[in-house]
2 protein chains.
Amino acid sequence: MSTAMDARARHLLKALVESYIADGQPVGSRQLARDAGLNVSAATVRNVMADLEDEGYLCAPHTSAGRVPTNLGYRFFIDALLHLVPLSPESSQLLLRRIGAHAPDTDQVLHAATVALSELTHMAGFVRVPRRAMRILRHVDFIAVRERQILAILVTDKGEVENRLIHTDRPMGAGELVQAANFFNATFTGKPLHEVTQSLHRELRQSRHEMDLILRSAMELGEDMLEMDEQRMLIEGEFQLLDLPDLAGGERLRELLEAVHRKRDLVNLLDASMLGSGVRIFVGNESGFAPLAGCSVVTAPYVLDGEVAGVLGVIGPMRMPYQDIIPLVDNTARLLGHALSLPS
Amino acid sequence: MSTAMDARARHLLKALVESYIADGQPVGSRQLARDAGLNVSAATVRNVMADLEDEGYLCAPHTSAGRVPTNLGYRFFIDALLHLVPLSPESSQLLLRRIGAHAPDTDQVLHAATVALSELTHMAGFVRVPRRAMRILRHVDFIAVRERQILAILVTDKGEVENRLIHTDRPMGAGELVQAANFFNATFTGKPLHEVTQSLHRELRQSRHEMDLILRSAMELGEDMLEMDEQRMLIEGEFQLLDLPDLAGGERLRELLEAVHRKRDLVNLLDASMLGSGVRIFVGNESGFAPLAGCSVVTAPYVLDGEVAGVLGVIGPMRMPYQDIIPLVDNTARLLGHALSLPS
DNA sequence: TTCTAGCACTCCTTAATGGAGAGTGCTAGT
DNA sequence: ACTAGCACTCTCCATTAAGGAGTGCTAGAA
């Protein structure tokens, strides 16, 4: 077992993967010998291909059908053979316009980024929403909606609003609500959310406030706001996955779509990829998430006010034009982080 | 051309449609003669079927393949032959629990109803959100988020919250914001939204307020809230449409999914069906909306505080079990209206 | 050695063929 | 007005055959 992969083998592997990405057809020795630019015969190419197959980079769908990259083949291609194509200034401009158009409204910016990812790649695009643990509490309000029902509204420094209906055991007077809000704002405004919920925990344990119930609910709202983050993810262009030529329009396809729609498992995968920095690629089953077999996921974390706040990317077929997709995802992450960060 | 459709023809048409709904297979004369319960020969059945075909109720995919109901066939079946099966008490209970579980939070109730529709029918379920024109304004708040940026928050009597970032030309003091909010609340709280926006229009035309900008923005927010209704619709279970056996997994399917996802045209269709009362059914191209060819839409308007506020329903294959679906949609509309109306 | 050329073999793909089955329309008889 | 019989049509499926693409192997050339 030669540790192999000399220059010629690499060149051929590269040509093969590129050809397969372009056509989706298994590529045979004759075609490869012709197109690769090397001046070697098909027979020689065959020998090299046989070696590459032994080493797990290629496989043949059947005896006489040419060869196709394996997971490992893609992996090596991406890691060692790929030449990234920098994003064209036009695309870059377009991206900037689309993402910047809705600033500073966080939700709209996130949505725009998701749609842009999907449309520019013709694949499914997703954006994991920013974590809000570090967000600063700006304002809290309690509003009586009905006899025993209070609406708690919580606003962060980025203008994000979260609200929740609270049911109380007894009717609350307007004065009580104002008092509660005043106390809350005086005590907590300007502090990060995770600190607020902690402080509230302590506060509630120590003393019996008049307004225990309200405060407790507000705390729960705050906690939910943090926990809810665990779930929130935007996805657009799921239907682009419909014409993955590979997944033979059958049960697998539906599983994939439902899994993506459900988001839960995807979120776990993405959170893991927030730890590193820079673009990250999961080829096929590397994600360890069964329905994604046959797909690749390209992700990049984005930075908000100096902290990694979330991650975005695309889901598409394994044979995607990585050289274009990777810079695009990378740039989108950069632009999104920028658009969401405080305009100085 | 006998004006036809005697008792026997009706009976056979009914049996044929039911058989086709159950199997999805074109049904032939022999099978129909056997299963219909009538004691007539296949040849007789053939004659009747030929008549029904002449009159447009049936058609044959090809010379020797049995017959299939046409649009008109389904229409007649639904209008004249269908015996509704009342919703079982268990299903009714289940529905009630699922929809009631999240009351009184409007958004959650709507979502629960959508999911329930989808899951109980194994088709795509949708809920058009309630129109908010009649909603009463409960509270308005203006919060400074940054130097020249204000968050306007608007709350209705049902606890619905809408918010908007407003950019101002000059920095606003906290006092100004409080003053604006006070004015706004004193003047408009308790009035229906559509009245508020009208009054604001007048107000702004007459006098130059100090806080013109803020008020104008608030008005726009209110108007947007009303306009946005035009777009808001919840859909769940779109993927159930994947295994419509008819649409041959190809381009048509994708068009359908995208059209449903896009919502726009669907919303128009639904708004039209809010005018009538009771369950309404669009078979195939009756909706006049191309991508829906091959599908049926079953809708029912729901009533909120005595007014028709929205419409909900399901989208599925033309051959759906109407006798079960119709009562289910009907009941869901009733329960949803109830869950959203003021608990006395 | 390392590459090339040739050759036999395997396997998929496509098209053509032909029977089986199902259903119809028509006609004649009850 | 209904039924039975019959010839005909059309689809579906399995079988068959030809064609093509690609491989692995072996022997000879650089």
# chains A, B, ... in the order shown; residues from 1 in each chain; ligands from 1
$ interface_residues --of "chain B" --to "chain A" --cutoff "9 Å" --atoms "only C-alpha atoms" --output "VMD selection string"
chain B and resid 104 to 105 138 to 139 141 143 to 146 150 to 151 153 155 to 165 239 to 240 242 to 243 249 to 250 254 257 to 258
$ residues_around --residues "stretch 181-194 of chain A" --least-positions-apart "6" --cutoff "8 Å" --atoms "only C-alpha atoms (C1' of nucleotides)" --output "MDAnalysis selection string"
chainID A and resid 132:142 215 222:223 226
$ interface_residues --of "chain B" --to "chain D" --cutoff "12 Å" --atoms "only C-alpha atoms (C1' of nucleotides)" --output "ChimeraX atom specification"
/B:39-48,60-66
$ write_last_selection --atoms "C-alpha atoms" --output "PDB file, in the first residue's frame"
ATOM      1  CA  ASN B  39     -78.003  -6.453  -9.192  1.00  0.00           C
ATOM      2  CA  VAL B  40     -77.196  -5.502 -12.717  1.00  0.00           C
ATOM      3  CA  SER B  41     -74.680  -6.835 -15.152  1.00  0.00           C
ATOM      4  CA  ALA B  42     -71.413  -5.260 -16.083  1.00  0.00           C
ATOM      5  CA  ALA B  43     -72.798  -4.487 -19.516  1.00  0.00           C
ATOM      6  CA  THR B  44     -75.583  -2.416 -18.007  1.00  0.00           C
ATOM      7  CA  VAL B  45     -73.123  -0.631 -15.854  1.00  0.00           C
ATOM      8  CA  ARG B  46     -71.098   0.045 -18.964  1.00  0.00           C
ATOM      9  CA  ASN B  47     -74.044   1.728 -20.594  1.00  0.00           C
ATOM     10  CA  VAL B  48     -74.644   3.919 -17.587  1.00  0.00           C
ATOM     11  CA  ALA B  60     -61.282   7.302 -19.171  1.00  0.00           C
ATOM     12  CA  PRO B  61     -57.495   7.725 -19.022  1.00  0.00           C
ATOM     13  CA  HIS B  62     -57.331   5.500 -22.092  1.00  0.00           C
ATOM     14  CA  THR B  63     -59.421   3.074 -24.022  1.00  0.00           C
ATOM     15  CA  SER B  64     -59.315   0.176 -21.663  1.00  0.00           C
ATOM     16  CA  ALA B  65     -58.526   1.426 -18.242  1.00  0.00           C
ATOM     17  CA  GLY B  66     -61.778   1.893 -16.402  1.00  0.00           C
TER      18      GLY B  66
END
$ closest_residue --among "A:Arg148, A:Arg319, A:Arg75, A:Arg202" --to "A:Ser19" --atoms "only C-alpha atoms"
A:Arg319
$ atom_distance --atom1 "atom CA of A:Arg264" --atom2 "atom CA of A:Ser287"
13.8 Å
